[in-house]
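Participant: To start, I am sharing the structure in question, which I have written as structure tokens.
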Amino acid sequence: MNIDNRLNKLKNIHRADAPAFLFTRIKQQIENLAQAPAPARWRFAFVSVAIVLLLLNMAVLTRSLKIEKKSGVEQVVNSMHLSSSNDLYHE
Amino acid sequence: MPTEIQFKAIYDEYKQLVYNLALNYLQHTEDAQDSTQEVFVKVYQHFQKHDPAVASFKTWIYQITINHCLDLIRSRKTKKRFGFISLLFQKESNEPIHEAIHFDHPGIAAEDKEELQQLFSAINELPENQKTALILTRIEDRPQKEVAEIMNTSVKAVESLLQRAKQTLAKKLKDSEGL
């Protein structure tokens with residue numbers, strides 16, 4: 001049989017009616033979506049980003065504290081004209 | 001987001017289009033019902049994204065439905081391909097890894113069922129764009145200009161897709177009858 005004749009058989013397909021309950025199901029799914037919590041992947045991403053930010057903050061804080069401590073001691077030594085050398089005798 | 005009245009009007013206008021198009025792609029009543037549901041949820045969620053300057057609302061609905069059905073078919077094929085591997089890791093489960101898809105199209109009369117089932121099994125093996133061009137022109141009866149708009153291509157390209165689809169189908173059907 002010619003391919004066009006065979007394809008013409010597709011014209012015999014009737015339009016089927018969508019079931020009446022479908023709209024209720026769709027409405028239900030839309031309502032559930034509105035109440036649904038964020039997906040697990042998003043929650044995981046949010047927690048990961050929060051942890052990275054926290055660690056970065058802590059790293060920056062500890063570094064700046066160390067720098068401040070060091071510079072504070074040096075300031076006192078300089079203002080009091082103290083020697084910071086451990087050598088007892090100057091050659 | 002559309003209002004409830006707007007959404008109901010959209011659903012009433014396009015439910016037959018979406019359901020029948022899904023049936024023609026999937027040839028399975030339950031899958032077509034589930035796909036219709038998913039398509040309308042997507043329409044609701046992305047209603048604001050529709051740009052009338054780019055495509056008419058009907059074209060947009062066609063595109064969402066086609067993309068959804070093709071995604072579903074693709075994911076089924078992938079599941080089938082990796083079915084053996086997943087079987088190795090799911091020894092305890094009694095659920096079937098992938099259910100056999102039965103041909104179940106409520107729009108096909110009993111006397112045509114056998115012949116159209118054979119034709120659809122050949123159509124299902126066509127590349128996605130050839131299958132889409134064929135379904136839209138031959139079953140949905142859309143003019144080639146509209147098909148080109150839906151497929152985001154030219155009328156010439158649609159003609160060429162149809163020509164190639166016919167050649168492939170003729171060969172496949174001849175081979176299957178020869179066996």
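Letters A, B, ... mark the chains of the structure tokens in the order given; residue numbers begin at 1 per chain; ligand numbers begin at 1, in order shown.
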Dump as CSV the rows for residues of chain A within 9 Å of chain B: closest atom pair and distance in Å with one decimal, only C-alpha atoms counted, ordered by chain and rising residue number.

Facilitator:
residue,atom,partner,partner_atom,distance
A:Asn2,CA,B:Ala170,CA,8.1
A:Ile3,CA,B:Ala170,CA,5.8
A:Asp4,CA,B:Lys166,CA,8.0
A:Arg6,CA,B:Leu119,CA,8.0
A:Leu7,CA,B:Arg138,CA,7.2
A:Asn8,CA,B:Arg138,CA,7.5
A:Lys9,CA,B:Leu116,CA,7.4
A:Leu10,CA,B:Ile139,CA,5.8
A:Lys11,CA,B:Ile139,CA,6.0
A:Asn12,CA,B:Ile108,CA,7.2
A:Ile13,CA,B:Ile108,CA,5.1
A:His14,CA,B:Gly107,CA,4.5
A:Arg15,CA,B:Gly107,CA,5.7
A:Ala16,CA,B:Gly107,CA,5.2
A:Asp17,CA,B:Gln16,CA,6.3
A:Ala18,CA,B:Gln16,CA,5.9
A:Pro19,CA,B:Gln33,CA,7.9
A:Leu22,CA,B:Gln37,CA,6.8
A:Phe23,CA,B:Tyr11,CA,7.8
A:Arg25,CA,B:Gln37,CA,7.2
A:Ile26,CA,B:Gln37,CA,5.4
A:Lys27,CA,B:Val41,CA,8.3
A:Gln29,CA,B:Val41,CA,7.4
A:Ile30,CA,B:Val41,CA,6.4

Participant: Please report, as a ChimeraX atom specification, each residue of stretch 5-148 of chain B to which DSSP assigns alpha helix (DSSP H) when run on this structure's backbone.

Facilitator: /B:5-26,29-45,57-81,83-89,110-123,128-134,144-148

Participant: Would you save the residues from that selection as a CSV table (one decimal), in the first residue's frame, using C-alpha atoms?

Facilitator:
chain,number,residue,atom,x,y,z
B,5,ILE,CA,-11.7,32.5,36.2
B,6,GLN,CA,-9.0,33.2,33.5
B,7,PHE,CA,-7.4,29.9,34.2
B,8,LYS,CA,-10.7,28.0,33.9
B,9,ALA,CA,-11.4,29.8,30.6
B,10,ILE,CA,-8.0,28.8,29.3
B,11,TYR,CA,-8.5,25.2,30.4
B,12,ASP,CA,-11.9,25.0,28.8
B,13,GLU,CA,-10.6,26.3,25.5
B,14,TYR,CA,-7.5,24.2,25.3
B,15,LYS,CA,-8.2,21.0,27.2
B,16,GLN,CA,-9.1,19.0,24.1
B,17,LEU,CA,-6.1,20.2,22.2
B,18,VAL,CA,-3.6,19.3,24.9
B,19,TYR,CA,-5.2,16.0,25.8
B,20,ASN,CA,-5.5,14.8,22.1
B,21,LEU,CA,-2.0,16.0,21.2
B,22,ALA,CA,-0.6,14.1,24.3
B,23,LEU,CA,-2.6,11.0,23.2
B,24,ASN,CA,-1.1,11.2,19.7
B,25,TYR,CA,2.4,11.4,21.1
B,26,LEU,CA,2.1,8.8,23.9
B,29,THR,CA,-4.8,7.3,28.2
B,30,GLU,CA,-3.3,7.6,31.7
B,31,ASP,CA,-0.1,9.1,30.4
B,32,ALA,CA,-2.1,11.6,28.3
B,33,GLN,CA,-4.2,12.5,31.4
B,34,ASP,CA,-1.1,13.0,33.5
B,35,SER,CA,0.6,15.0,30.8
B,36,THR,CA,-2.5,17.2,30.3
B,37,GLN,CA,-2.4,17.9,34.1
B,38,GLU,CA,1.3,18.8,34.0
B,39,VAL,CA,1.0,21.0,30.9
B,40,PHE,CA,-1.8,23.1,32.5
B,41,VAL,CA,0.2,23.4,35.8
B,42,LYS,CA,3.1,24.7,33.7
B,43,VAL,CA,0.7,27.1,31.8
B,44,TYR,CA,-0.4,28.4,35.2
B,45,GLN,CA,3.1,28.8,36.6
B,57,PHE,CA,-1.2,31.6,23.0
B,58,LYS,CA,-2.3,28.6,21.1
B,59,THR,CA,1.2,28.1,19.6
B,60,TRP,CA,2.7,28.5,23.1
B,61,ILE,CA,0.3,25.8,24.4
B,62,TYR,CA,1.3,23.5,21.5
B,63,GLN,CA,5.0,24.1,22.3
B,64,ILE,CA,4.6,23.3,26.0
B,65,THR,CA,2.6,20.1,25.3
B,66,ILE,CA,5.1,18.9,22.6
B,67,ASN,CA,8.1,19.6,24.8
B,68,HIS,CA,6.5,17.9,27.8
B,69,CYS,CA,5.6,14.8,25.8
B,70,LEU,CA,9.0,14.5,24.2
B,71,ASP,CA,10.7,14.9,27.6
B,72,LEU,CA,8.6,12.1,29.0
B,73,ILE,CA,9.4,9.8,26.0
B,74,ARG,CA,13.1,10.7,26.4
B,75,SER,CA,13.1,9.9,30.1
B,76,ARG,CA,11.3,6.6,29.5
B,77,LYS,CA,13.9,5.7,26.9
B,78,THR,CA,16.7,6.5,29.3
B,79,LYS,CA,15.1,4.5,32.1
B,80,LYS,CA,14.7,1.6,29.7
B,81,ARG,CA,18.4,1.9,28.7
B,83,GLY,CA,16.9,-0.6,33.5
B,84,PHE,CA,19.4,-3.4,33.7
B,85,ILE,CA,21.8,-1.3,35.8
B,86,SER,CA,19.1,-0.1,38.2
B,87,LEU,CA,17.9,-3.7,38.5
B,88,LEU,CA,21.3,-4.6,40.0
B,89,PHE,CA,20.9,-1.9,42.7
B,110,ALA,CA,-11.5,-1.1,17.2
B,111,GLU,CA,-11.4,-2.0,13.4
B,112,ASP,CA,-8.5,0.4,12.8
B,113,LYS,CA,-6.6,-0.5,16.0
B,114,GLU,CA,-4.2,-3.1,14.6
B,115,GLU,CA,-3.2,-1.2,11.5
B,116,LEU,CA,-2.8,2.1,13.4
B,117,GLN,CA,-0.8,0.4,16.2
B,118,GLN,CA,1.6,-0.8,13.5
B,119,LEU,CA,1.8,2.6,12.0
B,120,PHE,CA,2.3,4.3,15.3
B,121,SER,CA,5.1,1.9,16.3
B,122,ALA,CA,6.9,3.0,13.1
B,123,ILE,CA,6.1,6.7,13.8
B,128,GLU,CA,11.6,13.9,17.2
B,129,ASN,CA,11.2,16.7,14.7
B,130,GLN,CA,10.0,14.3,11.9
B,131,LYS,CA,7.5,12.8,14.4
B,132,THR,CA,6.3,16.3,15.4
B,133,ALA,CA,5.9,17.5,11.8
B,134,LEU,CA,3.9,14.3,11.0
B,144,GLN,CA,2.3,23.8,7.3
B,145,LYS,CA,2.7,27.5,8.2
B,146,GLU,CA,1.3,27.0,11.7
B,147,VAL,CA,3.4,23.8,12.1
B,148,ALA,CA,6.5,25.9,11.2

Participant: What does the structure give for the distance between atom CA of B:Ala53 and atom CA of B:Met151, in Å to one decimal?

Facilitator: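 These atoms are spaced 16.2 Å apart.
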
Participant: What is the atom CA of B:Pro2 to atom CA of B:Phe47 distance in Å?

Facilitator: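 Going from atom CA of B:Pro2 over to atom CA of B:Phe47 covers 6.8 Å.
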
Participant: Would you compute the distance between atom CA of B:Glu159 and atom CA of B:Ala55? Give it in Å to one decimal.

Facilitator: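 These two atoms are separated by 20.9 Å.
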